[in-house]
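Next comes work.txt, a file with compact mmCIF, C-alpha atoms.
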# COMPACT_ATOMS: atom_id res chain seq x y z
CA MET Z 1 -53.02 60.90 18.28
CA PRO Z 2 -50.99 64.04 19.24
CA ASN Z 3 -52.76 67.07 20.65
CA LYS Z 4 -53.21 70.00 18.33
CA PRO Z 5 -50.74 72.79 19.10
CA TYR Z 6 -51.96 75.97 20.75
CA ILE Z 7 -51.25 78.72 18.21
CA ILE Z 8 -51.08 82.48 18.67
CA ASP Z 9 -50.71 84.74 15.64
CA ALA Z 10 -48.58 87.55 17.09
CA HIS Z 11 -48.81 89.90 14.12
CA CYS Z 12 -51.85 90.58 11.98
CA HIS Z 13 -53.57 93.70 10.64
CA VAL Z 14 -57.30 94.26 10.27
CA TYR Z 15 -59.24 97.28 9.07
CA PRO Z 16 -62.83 98.54 9.08
CA ASP Z 17 -64.83 97.15 6.17
CA LYS Z 18 -65.24 100.54 4.48
CA ILE Z 19 -61.47 101.02 4.11
CA ALA Z 20 -60.13 97.44 4.18
CA ASP Z 21 -59.63 97.09 0.43
CA ARG Z 22 -58.01 100.50 0.13
CA ALA Z 23 -55.74 100.00 3.12
CA THR Z 24 -54.64 96.56 1.93
CA ALA Z 25 -53.92 97.85 -1.58
CA SER Z 26 -51.84 100.66 -0.11
CA VAL Z 27 -49.69 98.20 1.84
CA GLY Z 28 -49.25 96.08 -1.29
CA GLU Z 29 -48.09 99.14 -3.23
CA PHE Z 30 -45.70 100.14 -0.45
CA TYR Z 31 -43.96 96.75 -0.61
CA ASN Z 32 -44.65 96.01 -4.28
CA VAL Z 33 -46.24 92.66 -3.44
CA VAL Z 34 -49.53 90.92 -4.13
CA MET Z 35 -51.49 90.74 -0.90
CA THR Z 36 -53.08 87.44 0.16
CA GLY Z 37 -56.07 88.84 2.05
CA ASP Z 38 -58.44 91.77 1.89
CA GLY Z 39 -57.72 93.07 5.38
CA SER Z 40 -61.23 92.56 6.70
CA VAL Z 41 -62.02 91.20 10.14
CA ARG Z 42 -64.45 88.72 8.62
CA GLN Z 43 -61.86 87.17 6.33
CA TYR Z 44 -59.23 87.02 9.02
CA LEU Z 45 -61.58 85.28 11.45
CA ASN Z 46 -62.28 82.63 8.79
CA LEU Z 47 -58.56 82.15 8.12
CA GLN Z 48 -57.79 82.06 11.82
CA GLU Z 49 -60.33 79.31 12.41
CA SER Z 50 -59.31 77.22 9.40
CA ALA Z 51 -55.64 77.40 10.43
CA GLY Z 52 -56.38 76.38 14.02
CA VAL Z 53 -55.16 79.68 15.48
CA ALA Z 54 -56.52 80.18 19.02
CA LYS Z 55 -55.58 83.81 19.61
CA SER Z 56 -54.39 86.67 17.42
CA ILE Z 57 -52.79 90.02 18.17
CA ILE Z 58 -54.54 92.54 15.93
CA MET Z 59 -53.09 95.93 15.08
CA SER Z 60 -53.09 98.80 12.61
CA VAL Z 61 -50.86 101.81 11.99
CA ALA Z 62 -51.74 105.52 12.13
CA LEU Z 63 -50.20 107.34 9.18
CA LYS Z 64 -51.52 110.68 10.49
CA PRO Z 65 -51.87 111.90 14.09
CA GLU Z 66 -55.60 112.46 13.61
CA ASN Z 67 -56.04 108.74 12.89
CA VAL Z 68 -54.71 107.54 16.25
CA ILE Z 69 -57.89 107.70 18.30
CA THR Z 70 -60.10 106.30 15.53
CA ILE Z 71 -57.81 103.32 14.98
CA ASN Z 72 -57.42 102.59 18.67
CA ASP Z 73 -61.18 102.72 19.17
CA PHE Z 74 -61.65 100.32 16.25
CA ILE Z 75 -59.10 97.84 17.61
CA ALA Z 76 -60.71 97.99 21.05
CA SER Z 77 -64.17 97.39 19.55
CA GLN Z 78 -62.95 94.31 17.69
CA VAL Z 79 -61.39 92.89 20.84
CA ALA Z 80 -64.70 93.41 22.64
CA GLU Z 81 -66.60 91.61 19.86
CA ASN Z 82 -64.14 88.76 19.25
CA PRO Z 83 -62.77 86.83 22.25
CA SER Z 84 -59.93 85.38 20.18
CA PHE Z 85 -58.45 88.86 19.57
CA ILE Z 86 -55.78 90.62 21.62
CA GLY Z 87 -55.52 94.30 20.70
CA PHE Z 88 -52.46 96.49 20.18
CA ALA Z 89 -52.85 100.26 19.94
CA THR Z 90 -51.10 102.56 17.50
CA MET Z 91 -49.29 105.85 18.07
CA HIS Z 92 -48.04 108.63 15.77
CA PRO Z 93 -45.00 110.78 16.60
CA ASP Z 94 -46.98 114.00 16.10
CA PHE Z 95 -49.92 113.01 18.32
CA ALA Z 96 -50.29 115.76 20.90
CA ASP Z 97 -50.91 113.76 24.08
CA ILE Z 98 -48.95 110.53 23.79
CA GLU Z 99 -49.01 109.80 27.51
CA GLY Z 100 -52.73 110.50 27.79
CA GLU Z 101 -53.56 108.21 24.88
CA VAL Z 102 -51.45 105.45 26.41
CA GLU Z 103 -53.55 105.64 29.56
CA ARG Z 104 -56.79 105.68 27.57
CA CYS Z 105 -55.75 102.62 25.54
CA LEU Z 106 -54.72 100.64 28.59
CA GLY Z 107 -58.02 101.59 30.18
CA MET Z 108 -59.83 100.10 27.17
CA GLY Z 109 -57.99 96.81 27.68
CA LEU Z 110 -55.50 97.07 24.84
CA CYS Z 111 -52.43 94.99 25.65
CA GLY Z 112 -49.59 96.66 23.76
CA PHE Z 113 -48.57 99.04 20.98
CA LYS Z 114 -47.43 98.80 17.36
CA ILE Z 115 -45.48 101.35 15.35
CA HIS Z 116 -44.20 101.26 11.78
CA PRO Z 117 -41.37 103.79 11.44
CA ASP Z 118 -40.98 103.38 7.67
CA SER Z 119 -44.59 104.14 6.80
CA GLN Z 120 -44.87 106.78 9.55
CA LEU Z 121 -41.68 108.49 8.31
CA VAL Z 122 -40.07 108.67 11.74
CA ASN Z 123 -36.85 107.24 13.11
CA ALA Z 124 -37.64 104.46 15.55
CA ASP Z 125 -35.38 106.18 18.10
CA ASP Z 126 -36.75 109.68 17.48
CA PRO Z 127 -37.23 111.60 20.78
CA ARG Z 128 -40.97 111.80 20.09
CA MET Z 129 -41.21 108.02 20.00
CA MET Z 130 -39.02 107.77 23.09
CA ARG Z 131 -41.94 109.41 24.93
CA LEU Z 132 -44.08 106.41 24.00
CA TYR Z 133 -41.46 103.91 25.14
CA ALA Z 134 -41.06 105.73 28.46
CA ALA Z 135 -44.84 105.67 28.99
CA ILE Z 136 -45.19 101.91 28.41
CA GLN Z 137 -41.89 100.55 29.74
CA GLY Z 138 -42.59 97.93 32.37
CA ARG Z 139 -46.32 97.97 31.57
CA VAL Z 140 -47.10 96.59 28.11
CA PRO Z 141 -45.00 95.39 25.16
CA ILE Z 142 -44.51 96.96 21.76
CA THR Z 143 -44.14 95.54 18.26
CA ILE Z 144 -41.84 97.68 16.12
CA HIS Z 145 -41.62 97.12 12.39
CA ALA Z 146 -37.92 96.56 11.82
CA GLY Z 147 -35.89 96.83 8.63
CA ASP Z 148 -36.28 97.93 5.04
CA TYR Z 149 -33.43 98.07 2.52
CA ARG Z 150 -34.95 101.27 1.09
CA TYR Z 151 -35.05 103.29 4.31
CA ASP Z 152 -33.19 103.96 7.53
CA TYR Z 153 -36.13 104.72 9.84
CA SER Z 154 -36.35 101.23 11.35
CA HIS Z 155 -32.77 100.06 10.91
CA PRO Z 156 -31.82 97.36 13.45
CA ARG Z 157 -29.21 99.67 14.97
CA ARG Z 158 -32.07 102.00 15.96
CA ILE Z 159 -33.90 99.09 17.57
CA ARG Z 160 -30.73 98.36 19.53
CA GLU Z 161 -30.56 101.98 20.70
CA ILE Z 162 -34.13 101.71 22.00
CA LEU Z 163 -33.36 98.48 23.84
CA HIS Z 164 -30.35 100.05 25.53
CA ALA Z 165 -32.21 103.24 26.44
CA PHE Z 166 -35.21 101.35 27.86
CA PRO Z 167 -34.01 98.05 29.32
CA GLY Z 168 -37.44 97.41 30.84
CA LEU Z 169 -39.25 97.74 27.51
CA VAL Z 170 -40.49 94.45 26.02
CA VAL Z 171 -39.96 94.64 22.26
CA ASN Z 172 -40.89 92.47 19.31
CA ALA Z 173 -38.53 93.52 16.53
CA ALA Z 174 -40.86 92.36 13.79
CA HIS Z 175 -39.91 90.45 10.66
CA PHE Z 176 -36.93 88.63 12.17
CA GLY Z 177 -35.48 91.91 13.35
CA GLY Z 178 -35.07 93.47 9.93
CA TRP Z 179 -37.31 92.91 6.93
CA SER Z 180 -35.17 92.48 3.79
CA ILE Z 181 -31.94 93.10 5.76
CA TYR Z 182 -31.90 89.94 7.84
CA ASP Z 183 -28.11 89.66 8.08
CA LEU Z 184 -27.86 93.26 9.32
CA ALA Z 185 -30.46 92.41 11.92
CA LEU Z 186 -28.28 89.53 13.04
CA GLU Z 187 -25.28 91.84 13.30
CA TYR Z 188 -27.07 94.31 15.58
CA LEU Z 189 -29.60 92.18 17.46
CA GLU Z 190 -28.12 88.72 17.93
CA ASP Z 191 -27.19 89.33 21.56
CA GLU Z 192 -29.93 91.81 22.48
CA ALA Z 193 -32.90 91.21 24.78
CA CYS Z 194 -35.84 91.31 22.41
CA PHE Z 195 -38.33 89.04 20.73
CA MET Z 196 -38.67 88.70 16.95
CA ASP Z 197 -41.62 87.51 14.93
CA LEU Z 198 -41.45 85.46 11.75
CA SER Z 199 -44.03 87.47 9.83
CA SER Z 200 -43.12 88.49 6.28
CA ALA Z 201 -39.76 86.80 6.70
CA GLN Z 202 -40.13 83.09 6.01
CA MET Z 203 -41.41 83.65 2.49
CA TRP Z 204 -38.19 85.51 1.62
CA LEU Z 205 -35.73 83.47 3.64
CA GLY Z 206 -36.84 79.97 2.72
CA PRO Z 207 -36.86 76.99 5.10
CA ARG Z 208 -33.11 76.46 5.48
CA ARG Z 209 -32.23 80.06 6.37
CA THR Z 210 -35.32 80.29 8.61
CA ARG Z 211 -34.11 77.24 10.53
CA GLU Z 212 -30.57 78.64 10.71
CA LEU Z 213 -31.70 81.99 12.11
CA ILE Z 214 -33.97 80.35 14.67
CA GLY Z 215 -30.95 78.36 15.80
CA ILE Z 216 -28.69 81.42 16.00
CA TYR Z 217 -31.13 83.66 17.87
CA GLY Z 218 -32.55 80.82 19.94
CA ALA Z 219 -36.08 79.46 19.64
CA GLY Z 220 -37.01 81.17 22.92
CA ARG Z 221 -37.02 84.59 21.22
CA ILE Z 222 -39.13 83.83 18.16
CA LEU Z 223 -42.86 84.51 17.72
CA PHE Z 224 -45.17 83.09 15.08
CA GLY Z 225 -46.95 85.73 13.00
CA SER Z 226 -48.76 85.89 9.68
CA ASP Z 227 -48.72 89.63 8.89
CA PHE Z 228 -52.24 89.22 7.45
CA PRO Z 229 -53.28 90.46 4.91
CA MET Z 230 -49.74 90.03 3.59
CA ALA Z 231 -50.04 86.28 4.15
CA SER Z 232 -52.44 83.79 5.72
CA PRO Z 233 -51.82 81.98 9.01
CA ALA Z 234 -52.06 78.61 7.25
CA ALA Z 235 -49.40 79.53 4.69
CA GLU Z 236 -47.04 80.72 7.41
CA LEU Z 237 -47.63 77.57 9.46
CA ASP Z 238 -46.76 75.49 6.40
CA ARG Z 239 -43.56 77.48 5.96
CA LEU Z 240 -42.61 76.91 9.58
CA ALA Z 241 -43.29 73.19 9.23
CA ALA Z 242 -41.00 73.13 6.17
CA ALA Z 243 -38.18 74.58 8.27
CA GLY Z 244 -38.07 71.28 10.16
CA ILE Z 245 -37.54 72.56 13.69
CA ASP Z 246 -37.90 70.32 16.73
CA GLU Z 247 -41.20 70.01 18.63
CA ARG Z 248 -40.07 71.95 21.71
CA SER Z 249 -38.93 74.88 19.56
CA ARG Z 250 -42.17 74.72 17.64
CA GLU Z 251 -44.22 74.93 20.85
CA LEU Z 252 -42.21 77.94 22.01
CA ILE Z 253 -42.64 79.75 18.70
CA LEU Z 254 -46.33 78.97 18.23
CA SER Z 255 -47.48 80.15 21.65
CA ARG Z 256 -45.21 80.07 24.69
CA ASN Z 257 -42.97 82.92 23.57
CA THR Z 258 -45.91 85.14 22.70
CA GLU Z 259 -47.36 84.53 26.15
CA ALA Z 260 -44.02 85.65 27.60
CA PHE Z 261 -43.97 88.69 25.28
CA LEU Z 262 -47.46 89.65 26.46
CA GLY Z 263 -46.74 88.77 30.08
CA ILE Z 264 -49.84 86.60 30.37
CA ASP Z 265 -50.75 82.93 30.59
CA LEU Z 266 -53.63 82.20 28.25
CA VAL Z 267 -56.30 79.66 29.17
CA ARG Z 268 -55.78 76.52 27.10
Write the structure described by the file as structure tokens, please.
Amino acid sequence: MPNKPYIIDAHCHVYPDKIADRATASVGEFYNVVMTGDGSVRQYLNLQESAGVAKSIIMSVALKPENVITINDFIASQVAENPSFIGFATMHPDFADIEGEVERCLGMGLCGFKIHPDSQLVNADDPRMMRLYAAIQGRVPITIHAGDYRYDYSHPRRIREILHAFPGLVVNAAHFGGWSIYDLALEYLEDEACFMDLSSAQMWLGPRRTRELIGIYGAGRILFGSDFPMASPAAELDRLAAAGIDERSRELILSRNTEAFLGIDLVR
């Protein structure tokens, strides 16, 4: 009987109980989709266990500069309480002391950063965000929401500019490099040095195009992610299984690539 795969969910969002429903509804309205989960830590932990996910990178996004510290403290508290969690901090372009908050977050044991240019209304390559990249280059990775047909903030060409400006920055260009503009992502990012997660992509691409894009980019660049509460880990694992990729590629995507992205070897 084959061993169960070691699975890392590289992209999921959780919120404090008192705002989870409201935050999840807001994301659903932003994308005009029905959300799968409620955004709570409790629900995600149940889904994580039932799907056989061993570790999960949890994150949230600050829509205002005054939310940065509160969110980062919350993420750090959840990592402290739940050994299966790996925490990513948030940053806002108008936060006064970007460099100081980077140091504080790393001191709390957070392992990376997440930004969402479209919801934060900032170009991914804005000089204010470049301060963040400079502060973390060579230290911890960053997940950048990439792509939206309605906006230009996170266009794949901006991700490429960041990669060229900061060659030591480890980037996950989320959602296959360009949510809803997957072919544009391919145009700009096919030959670039970045990772890409599958979150909120497989459901739109379908199994054949998912398999094709994995083949074009190379399985060594792709990370598994659920984008909870957008989707559940189990549903995304089923979608990946339907793509029919080989076992070595599957192992890379489910865990090995995320370990490389994080720069750590997890105990198995």
Who sits within 10 Å of Asp197 of chain Z, all atoms listed in the file, same chain under 3 positions skipped, as a list of chain:residue names: Z:Asp9, Z:Ala10, Z:His11, Z:Thr143, Z:His145, Z:Asn172, Z:Ala173, Z:Ala174, Z:His175, Z:Phe176, Z:Gly177, Z:Ser200, Z:Ala201, Z:Arg221, Z:Ile222, Z:Leu223, Z:Phe224, Z:Gly225, Z:Ser226, Z:Asp227, Z:Ile253, Z:Asn257, Z:Thr258
Who sits within 12 Å of Ile144 of chain Z, all atoms listed in the file, same chain under 5 positions skipped, as a VMD selection string: chain Z and resid 11 59 to 61 88 to 91 112 to 120 122 to 125 129 132 to 133 153 to 156 158 to 160 162 to 163 169 to 179 194 to 197
Residue with smallest distance to Ala20 of chain Z - pool Z:Val41, Z:Met230, Z:Ile58, Z:Leu240, counting only C-alpha atoms: Z:Val41
Distance in Å - atom CA of Tyr44 of chain Z versus atom CA of Val140 of chain Z: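 These atoms are spaced 24.6 Å apart.
Nearest to Arg42 of chain Z of all the residues Z:Pro229, Z:Ala134, Z:Asp152, Z:Arg128 is Z:Pro229, based on only C-alpha atoms.
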Distance in Å - atom CA of Ser249 of chain Z versus atom CA of Leu189 of chain Z: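 Separation of atom CA of Ser249 of chain Z and atom CA of Leu189 of chain Z: 19.8 Å.
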Two-atom distance - atom CA of Tyr217 of chain Z, atom CA of Tyr182 of chain Z (Å):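 For atom CA of Tyr217 of chain Z relative to atom CA of Tyr182 of chain Z, the distance reads 11.9 Å.
The smallest atom-to-atom distance between Leu237 of chain Z and any of Z:Val53, Z:Leu45, Z:Ile75, Z:Val68, using all atoms listed in the file, is found for Z:Val53.
Using all atoms listed in the file for every distance, the candidate list Z:Met203, Z:Ala193, Z:Ile86, Z:Leu254 yields Z:Leu254 as the residue closest to Lys4 of chain Z.
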Best match for closeness to Asp183 of chain Z among Z:Ile57, Z:His164, Z:Gln202, Z:Gly147, counting only C-alpha atoms: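 Of Z:Ile57, Z:His164, Z:Gln202, Z:Gly147, the one nearest Asp183 of chain Z is Z:Gly147, counting only C-alpha atoms.
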Residues near Gly107 of chain Z, cut-off 12 Å, all atoms listed in the file, skip fewer than 3 positions along chain, as JSON, numbers by chain: {"Z": [72, 73, 76, 89, 100, 101, 102, 103, 104, 110, 111, 112]}
Closest of Z:Ile7, Z:Leu198, Z:Val79, Z:Val27 to Ala51 of chain Z - atom-to-atom distances counting all atoms listed in the file: Z:Ile7
Arg250 of chain Z surroundings by all atoms listed in the file, 9 Å radius, close-in-sequence under 5 positions cut, as a PyMOL selection string: chain Z and resi 5+219+240-241+245+255
Go ahead and write the residues just picked, C-alpha atoms, as a PDB file, in the coordinates of the input.
ATOM      1  CA  PRO Z   5     -50.740  72.790  19.100  1.00  0.00           C
ATOM      2  CA  ALA Z 219     -36.080  79.460  19.640  1.00  0.00           C
ATOM      3  CA  LEU Z 240     -42.610  76.910   9.580  1.00  0.00           C
ATOM      4  CA  ALA Z 241     -43.290  73.190   9.230  1.00  0.00           C
ATOM      5  CA  ILE Z 245     -37.540  72.560  13.690  1.00  0.00           C
ATOM      6  CA  SER Z 255     -47.480  80.150  21.650  1.00  0.00           C
TER       7      SER Z 255
END
